[in-house]
Each structure stands twice: as structure tokens, then as C-alpha cells.
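As stored in upload_14.tsv (TSV, N, CA and C atoms):
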```
chain	number	residue	atom	x	y	z
H	8	MET	N	-4.30	11.19	35.14
H	8	MET	CA	-2.94	10.85	35.48
H	8	MET	C	-2.00	11.96	35.00
H	9	THR	N	-1.15	12.41	35.87
H	9	THR	CA	-0.15	13.39	35.51
H	9	THR	C	1.04	12.66	34.89
H	10	VAL	N	1.46	13.13	33.73
H	10	VAL	CA	2.57	12.50	33.03
H	10	VAL	C	3.81	13.36	33.27
H	11	SER	N	4.90	12.73	33.69
H	11	SER	CA	6.12	13.48	33.98
H	11	SER	C	6.69	14.11	32.72
H	12	TYR	N	7.45	15.15	32.92
H	12	TYR	CA	8.09	15.87	31.81
H	12	TYR	C	8.96	14.93	30.99
H	13	GLU	N	9.71	14.08	31.66
H	13	GLU	CA	10.61	13.15	30.98
H	13	GLU	C	9.83	12.18	30.10
H	14	ILE	N	8.71	11.68	30.59
H	14	ILE	CA	7.87	10.75	29.82
H	14	ILE	C	7.25	11.50	28.63
H	15	LEU	N	6.88	12.76	28.81
H	15	LEU	CA	6.34	13.54	27.70
H	15	LEU	C	7.35	13.71	26.57
H	16	ILE	N	8.61	13.90	26.94
H	16	ILE	CA	9.67	14.01	25.93
H	16	ILE	C	9.74	12.72	25.11
H	17	ILE	N	9.73	11.58	25.80
H	17	ILE	CA	9.78	10.29	25.11
H	17	ILE	C	8.52	10.10	24.27
H	18	LEU	N	7.38	10.47	24.82
H	18	LEU	CA	6.11	10.32	24.11
H	18	LEU	C	6.09	11.17	22.83
H	19	ARG	N	6.56	12.41	22.94
H	19	ARG	CA	6.61	13.27	21.76
H	19	ARG	C	7.56	12.71	20.71
H	20	ASN	N	8.69	12.18	21.15
H	20	ASN	CA	9.64	11.56	20.24
H	20	ASN	C	9.00	10.37	19.50
H	21	ASN	N	8.24	9.56	20.22
H	21	ASN	CA	7.55	8.43	19.60
H	21	ASN	C	6.48	8.92	18.62
H	22	TRP	N	5.81	10.02	18.95
H	22	TRP	CA	4.80	10.59	18.04
H	22	TRP	C	5.49	11.06	16.75
H	23	GLU	N	6.64	11.71	16.91
H	23	GLU	CA	7.40	12.19	15.74
H	23	GLU	C	7.87	11.03	14.86
H	24	LYS	N	8.10	9.87	15.47
H	24	LYS	CA	8.52	8.68	14.72
H	24	LYS	C	7.33	7.92	14.13
H	25	LYS	N	6.13	8.51	14.28
H	25	LYS	CA	4.89	7.95	13.72
H	25	LYS	C	4.41	6.68	14.43
H	26	PHE	N	4.79	6.51	15.70
H	26	PHE	CA	4.23	5.41	16.48
H	26	PHE	C	2.75	5.70	16.70
H	27	THR	N	1.96	4.67	16.94
H	27	THR	CA	0.59	4.88	17.42
H	27	THR	C	0.69	5.13	18.93
H	28	PHE	N	-0.35	5.69	19.54
H	28	PHE	CA	-0.28	5.93	20.98
H	28	PHE	C	-0.19	4.61	21.73
H	29	THR	N	-0.77	3.54	21.18
H	29	THR	CA	-0.70	2.22	21.81
H	29	THR	C	0.74	1.70	21.78
H	30	GLU	N	1.39	1.82	20.64
H	30	GLU	CA	2.79	1.39	20.53
H	30	GLU	C	3.69	2.19	21.45
H	31	ALA	N	3.47	3.49	21.49
H	31	ALA	CA	4.28	4.36	22.34
H	31	ALA	C	4.12	3.99	23.81
H	32	THR	N	2.87	3.77	24.23
H	32	THR	CA	2.61	3.39	25.62
H	32	THR	C	3.32	2.08	25.95
H	33	ARG	N	3.18	1.11	25.07
H	33	ARG	CA	3.80	-0.20	25.28
H	33	ARG	C	5.32	-0.07	25.44
H	34	GLU	N	5.95	0.71	24.57
H	34	GLU	CA	7.40	0.89	24.63
H	34	GLU	C	7.83	1.60	25.91
H	35	ILE	N	7.12	2.64	26.28
H	35	ILE	CA	7.48	3.40	27.48
H	35	ILE	C	7.33	2.55	28.73
H	36	VAL	N	6.22	1.83	28.83
H	36	VAL	CA	6.00	0.96	30.00
H	36	VAL	C	7.03	-0.16	30.03
H	37	LYS	N	7.41	-0.66	28.87
H	37	LYS	CA	8.43	-1.73	28.78
H	37	LYS	C	9.74	-1.28	29.42
H	38	TYR	N	10.15	-0.05	29.17
H	38	TYR	CA	11.43	0.44	29.67
H	38	TYR	C	11.36	1.21	30.98
H	39	GLU	N	10.24	1.86	31.24
H	39	GLU	CA	10.14	2.71	32.43
H	39	GLU	C	9.33	2.08	33.56
H	40	GLY	N	8.56	1.04	33.26
H	40	GLY	CA	7.81	0.33	34.29
H	40	GLY	C	6.33	0.67	34.31
H	41	GLU	N	5.57	-0.23	34.91
H	41	GLU	CA	4.12	-0.06	35.03
H	41	GLU	C	3.79	1.20	35.81
H	42	GLY	N	2.72	1.84	35.44
H	42	GLY	CA	2.22	2.98	36.19
H	42	GLY	C	2.77	4.33	35.76
H	43	VAL	N	3.73	4.37	34.83
H	43	VAL	CA	4.28	5.66	34.42
H	43	VAL	C	3.45	6.32	33.33
H	44	LEU	N	2.64	5.52	32.60
H	44	LEU	CA	1.84	6.07	31.51
H	44	LEU	C	0.68	5.14	31.21
H	45	GLU	N	-0.49	5.71	31.05
H	45	GLU	CA	-1.67	4.96	30.65
H	45	GLU	C	-2.01	5.29	29.21
H	46	GLN	N	-2.66	4.36	28.50
H	46	GLN	CA	-2.99	4.58	27.09
H	46	GLN	C	-3.87	5.80	26.89
H	47	LEU	N	-4.80	6.05	27.79
H	47	LEU	CA	-5.68	7.20	27.67
H	47	LEU	C	-4.87	8.50	27.70
H	48	SER	N	-3.90	8.58	28.61
H	48	SER	CA	-3.05	9.77	28.68
H	48	SER	C	-2.23	9.92	27.41
H	49	ALA	N	-1.67	8.80	26.93
H	49	ALA	CA	-0.89	8.84	25.69
H	49	ALA	C	-1.76	9.31	24.53
H	50	ARG	N	-2.97	8.80	24.45
H	50	ARG	CA	-3.88	9.21	23.37
H	50	ARG	C	-4.15	10.70	23.42
H	51	ARG	N	-4.40	11.23	24.61
H	51	ARG	CA	-4.67	12.67	24.76
H	51	ARG	C	-3.47	13.51	24.34
H	52	TRP	N	-2.27	13.07	24.73
H	52	TRP	CA	-1.07	13.81	24.35
H	52	TRP	C	-0.83	13.72	22.85
H	53	PHE	N	-1.07	12.56	22.24
H	53	PHE	CA	-0.92	12.43	20.79
H	53	PHE	C	-1.87	13.38	20.08
H	54	GLU	N	-3.09	13.54	20.60
H	54	GLU	CA	-4.04	14.48	20.02
H	54	GLU	C	-3.51	15.91	20.13
H	55	LYS	N	-2.94	16.25	21.29
H	55	LYS	CA	-2.36	17.60	21.46
H	55	LYS	C	-1.23	17.82	20.48
H	56	PHE	N	-0.34	16.83	20.34
H	56	PHE	CA	0.77	16.96	19.40
H	56	PHE	C	0.25	17.15	17.98
H	57	SER	N	-0.75	16.37	17.61
H	57	SER	CA	-1.33	16.45	16.26
H	57	SER	C	-1.99	17.80	16.01
H	58	ASN	N	-2.45	18.46	17.07
H	58	ASN	CA	-3.09	19.77	16.96
H	58	ASN	C	-2.09	20.91	17.10
H	59	GLY	N	-0.79	20.58	17.06
H	59	GLY	CA	0.24	21.62	17.06
H	59	GLY	C	0.86	21.94	18.40
H	60	TYR	N	0.41	21.31	19.46
H	60	TYR	CA	0.98	21.58	20.78
H	60	TYR	C	2.17	20.64	20.98
H	61	THR	N	3.35	21.06	20.50
H	61	THR	CA	4.53	20.19	20.61
H	61	THR	C	5.63	20.79	21.46
H	62	THR	N	5.46	22.01	21.93
H	62	THR	CA	6.45	22.64	22.79
H	62	THR	C	6.19	22.20	24.22
H	63	LEU	N	7.18	21.58	24.83
H	63	LEU	CA	6.99	21.06	26.18
H	63	LEU	C	7.78	21.84	27.21
H	64	GLU	N	7.94	23.13	26.97
H	64	GLU	CA	8.64	23.96	27.93
H	64	GLU	C	7.86	23.98	29.23
H	65	ARG	N	8.61	23.91	30.32
H	65	ARG	CA	7.96	23.98	31.62
H	65	ARG	C	7.51	25.41	31.85
H	66	LYS	N	6.25	25.56	32.18
H	66	LYS	CA	5.71	26.89	32.40
H	66	LYS	C	5.70	27.21	33.88
H	67	LYS	N	5.96	28.47	34.17
H	67	LYS	CA	5.87	28.91	35.56
H	67	LYS	C	4.39	29.08	35.86
H	68	VAL	N	3.95	28.41	36.90
H	68	VAL	CA	2.54	28.48	37.28
H	68	VAL	C	2.45	28.92	38.73
H	69	SER	N	1.30	29.47	39.05
H	69	SER	CA	1.11	29.85	40.44
H	69	SER	C	0.75	28.61	41.24
H	70	GLY	N	0.83	28.70	42.52
H	70	GLY	CA	0.49	27.54	43.34
H	70	GLY	C	1.73	26.92	43.93
H	71	ARG	N	1.59	25.68	44.30
H	71	ARG	CA	2.66	24.96	44.95
H	71	ARG	C	3.87	24.82	44.03
H	72	PRO	N	5.08	25.10	44.51
H	72	PRO	CA	6.27	24.97	43.65
H	72	PRO	C	6.54	23.51	43.32
H	73	LEU	N	7.23	23.29	42.18
H	73	LEU	CA	7.60	21.94	41.80
H	73	LEU	C	8.59	21.40	42.83
H	74	MET	N	8.48	20.09	43.12
H	74	MET	CA	9.39	19.50	44.08
H	74	MET	C	9.91	18.19	43.54
H	75	ASP	N	11.04	17.78	44.05
H	75	ASP	CA	11.62	16.50	43.69
H	75	ASP	C	10.94	15.44	44.53
H	76	ILE	N	10.09	14.63	43.90
H	76	ILE	CA	9.30	13.66	44.65
H	76	ILE	C	10.19	12.65	45.36
H	77	ASP	N	11.30	12.23	44.74
H	77	ASP	CA	12.19	11.28	45.40
H	77	ASP	C	12.74	11.86	46.70
H	78	GLU	N	13.11	13.13	46.65
H	78	GLU	CA	13.64	13.80	47.83
H	78	GLU	C	12.58	13.89	48.94
H	79	VAL	N	11.37	14.27	48.56
H	79	VAL	CA	10.28	14.40	49.52
H	79	VAL	C	9.95	13.04	50.13
H	80	LEU	N	9.86	12.02	49.29
H	80	LEU	CA	9.55	10.68	49.79
H	80	LEU	C	10.65	10.16	50.72
H	81	GLN	N	11.90	10.38	50.34
H	81	GLN	CA	13.02	9.92	51.17
H	81	GLN	C	12.93	10.54	52.56
H	82	GLU	N	12.70	11.85	52.61
H	82	GLU	CA	12.59	12.54	53.90
H	82	GLU	C	11.39	12.01	54.70
H	83	ALA	N	10.27	11.82	54.03
H	83	ALA	CA	9.06	11.35	54.71
H	83	ALA	C	9.23	9.95	55.26
H	84	VAL	N	9.83	9.07	54.47
H	84	VAL	CA	10.02	7.68	54.90
H	84	VAL	C	11.01	7.60	56.05
H	85	GLU	N	12.08	8.41	55.98
H	85	GLU	CA	13.08	8.39	57.05
H	85	GLU	C	12.55	8.97	58.35
H	86	SER	N	11.76	10.03	58.26
H	86	SER	CA	11.27	10.68	59.48
H	86	SER	C	10.10	9.93	60.10
H	87	ASN	N	9.23	9.36	59.27
H	87	ASN	CA	8.06	8.68	59.78
H	87	ASN	C	7.52	7.75	58.71
H	88	PRO	N	7.95	6.49	58.70
H	88	PRO	CA	7.44	5.57	57.68
H	88	PRO	C	5.91	5.54	57.72
H	89	SER	N	5.30	5.87	56.62
H	89	SER	CA	3.86	6.00	56.54
H	89	SER	C	3.30	5.05	55.50
H	90	SER	N	2.00	5.00	55.44
H	90	SER	CA	1.36	4.21	54.39
H	90	SER	C	1.48	4.98	53.07
H	91	THR	N	1.32	4.26	51.97
H	91	THR	CA	1.38	4.89	50.66
H	91	THR	C	0.31	5.97	50.55
H	92	ARG	N	-0.85	5.73	51.12
H	92	ARG	CA	-1.94	6.72	51.08
H	92	ARG	C	-1.52	8.02	51.75
H	93	GLU	N	-0.87	7.92	52.91
H	93	GLU	CA	-0.42	9.13	53.60
H	93	GLU	C	0.65	9.85	52.79
H	94	LEU	N	1.54	9.08	52.17
H	94	LEU	CA	2.59	9.68	51.35
H	94	LEU	C	2.01	10.38	50.12
H	95	THR	N	0.95	9.84	49.53
H	95	THR	CA	0.33	10.49	48.37
H	95	THR	C	-0.25	11.84	48.77
H	96	ARG	N	-0.85	11.91	49.94
H	96	ARG	CA	-1.38	13.19	50.42
H	96	ARG	C	-0.26	14.18	50.66
H	97	GLU	N	0.82	13.71	51.26
H	97	GLU	CA	1.95	14.60	51.59
H	97	GLU	C	2.63	15.14	50.33
H	98	CYS	N	2.76	14.29	49.31
H	98	CYS	CA	3.46	14.69	48.09
H	98	CYS	C	2.55	15.32	47.05
H	99	GLY	N	1.25	15.07	47.17
H	99	GLY	CA	0.34	15.60	46.17
H	99	GLY	C	0.42	14.86	44.85
H	100	GLU	N	0.86	13.60	44.89
H	100	GLU	CA	0.99	12.78	43.69
H	100	GLU	C	0.04	11.59	43.78
H	101	SER	N	-0.15	10.91	42.67
H	101	SER	CA	-1.03	9.74	42.65
H	101	SER	C	-0.37	8.57	43.38
H	102	LYS	N	-1.20	7.60	43.78
H	102	LYS	CA	-0.70	6.40	44.45
H	102	LYS	C	0.27	5.65	43.55
H	103	ASP	N	-0.05	5.55	42.25
H	103	ASP	CA	0.84	4.86	41.31
H	103	ASP	C	2.19	5.55	41.21
H	104	THR	N	2.19	6.88	41.16
H	104	THR	CA	3.44	7.63	41.08
H	104	THR	C	4.28	7.41	42.32
H	105	VAL	N	3.65	7.52	43.49
H	105	VAL	CA	4.37	7.32	44.75
H	105	VAL	C	4.91	5.90	44.82
H	106	SER	N	4.10	4.91	44.47
H	106	SER	CA	4.53	3.52	44.50
H	106	SER	C	5.71	3.29	43.56
H	107	HIS	N	5.64	3.87	42.36
H	107	HIS	CA	6.72	3.73	41.39
H	107	HIS	C	8.03	4.30	41.95
H	108	HIS	N	7.95	5.46	42.56
H	108	HIS	CA	9.15	6.09	43.11
H	108	HIS	C	9.68	5.33	44.32
H	109	LEU	N	8.79	4.85	45.18
H	109	LEU	CA	9.24	4.06	46.33
H	109	LEU	C	9.92	2.78	45.87
H	110	LEU	N	9.38	2.15	44.85
H	110	LEU	CA	9.96	0.94	44.28
H	110	LEU	C	11.36	1.23	43.74
H	111	SER	N	11.50	2.33	42.99
H	111	SER	CA	12.80	2.67	42.41
H	111	SER	C	13.82	3.06	43.48
H	112	MET	N	13.33	3.52	44.64
H	112	MET	CA	14.21	3.90	45.74
H	112	MET	C	14.56	2.70	46.62
H	113	GLY	N	13.93	1.54	46.34
H	113	GLY	CA	14.18	0.36	47.16
H	113	GLY	C	13.44	0.38	48.48
H	114	LYS	N	12.43	1.22	48.60
H	114	LYS	CA	11.67	1.35	49.85
H	114	LYS	C	10.38	0.52	49.81
H	115	MET	N	10.18	-0.18	48.72
H	115	MET	CA	8.96	-0.96	48.56
H	115	MET	C	9.31	-2.16	47.68
H	116	LYS	N	8.72	-3.32	48.00
H	116	LYS	CA	8.98	-4.50	47.21
H	116	LYS	C	7.96	-4.60	46.09
H	117	LYS	N	8.42	-5.08	44.94
H	117	LYS	CA	7.54	-5.24	43.78
H	117	LYS	C	6.60	-6.42	44.04
H	118	SER	N	5.31	-6.18	43.85
H	118	SER	CA	4.34	-7.25	44.03
H	118	SER	C	4.24	-8.07	42.75
H	119	ASN	N	4.09	-9.35	42.90
H	119	ASN	CA	4.00	-10.22	41.71
H	119	ASN	C	2.57	-10.52	41.36
```

Using the file provided, produce a representation of the structure as C-alpha cells.
Amino acid sequence: MTVSYEILIILRNNWEKKFTFTEATREIVKYEGEGVLEQLSARRWFEKFSNGYTTLERKKVSGRPLMDIDEVLQEAVESNPSSTRELTRECGESKDTVSHHLLSMGKMKKSN
């Protein structure tokens, strides 16, 4: 699971406050919603922080440029409403990430 930069900032802050990765995950999901962070990802990041990797500067990498997923999804939904699976391929993001963004954009109803 790819963890967004914003969630990493919150996660690092919780690590600095001496939260456990389980507590941090619970708090983040409580405020940001299901699917934004899994305990396994939080545990891996806590290990990185504990090993000295605490700088979260965005690095310039080769390959596809960073894009605003909300913007991409909005354009895709307006031009051709597709299935979530098709949107994940188009955006290069996970199904959970796409679903979370569609939900926040009001383009998808929350399942109970």
C-alpha cells in the first residue's frame, strides 16, 4: 500500500509522540477514514523512523510525474464514468485509494 505524504507526516508525528504503530493507525483511520493506512504499512514506517529515516522530503524520481488524483478522477468520471477497476488502471493507484477519493468527492456512496 502506498501511503500518502500527508499521512506520513501524521504518522511520523505520532511516532515522535511515542504512539505504538497500532495506536497511530487507529487514530489516523478514525479521522481520515478506512483505507488510508494499514497496520502493516504503519509498522514498516515506524521501523524506518526508528532506524533514522525521518526526513520525508519529496524526492524527484524518474518515471511518471506526480499527479493530483482528485483532478484525474474528476476528469475521468466526467468524460466517461468507468468502473473503479478502470479508474485504478488509469490513475495508477490502488482500488482503496481510488474508492476513498471518489467517496470524498461525492462520486461514490459509502457502503455499510

Would you compute an axis-aligned box for stretch 9-15 of chain H, covering every atom listed for it in the file with 5 Å of margin on each side, and report centre and edge lengths in Å to one decimal as lines of an AutoDock Vina configuration file?
```
center_x = 4.7
center_y = 13.3
center_z = 31.2
size_x = 21.8
size_y = 15.1
size_z = 19.3
```

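Computed from the coordinates, the atom C of H:Phe26 to atom CA of H:Leu44 distance equals 14.8 Å.
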
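Picture a line from atom C of H:Glu45 to atom C of H:Ser101; it runs 14.6 Å.
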
(request) Have a look at atom CA of H:His107 and atom CA of H:Trp22 and let me know their distance in Å, one decimal. (result) 24.4 Å

(message) Just checking: using only N, CA and C atoms, which residue out of H:Phe53, H:Glu30, H:Glu100, H:Leu63 ends up closest to H:Ile16?
(response)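 Smallest distance to H:Ile16 is found for H:Leu63.
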
(request) Find the residue from H:Thr91, H:Ser111, H:Thr62, H:Thr104 that sits nearest to H:Asn20; use only C-alpha atoms when measuring. (result)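 Of all the options, H:Thr62 lies closest to H:Asn20.
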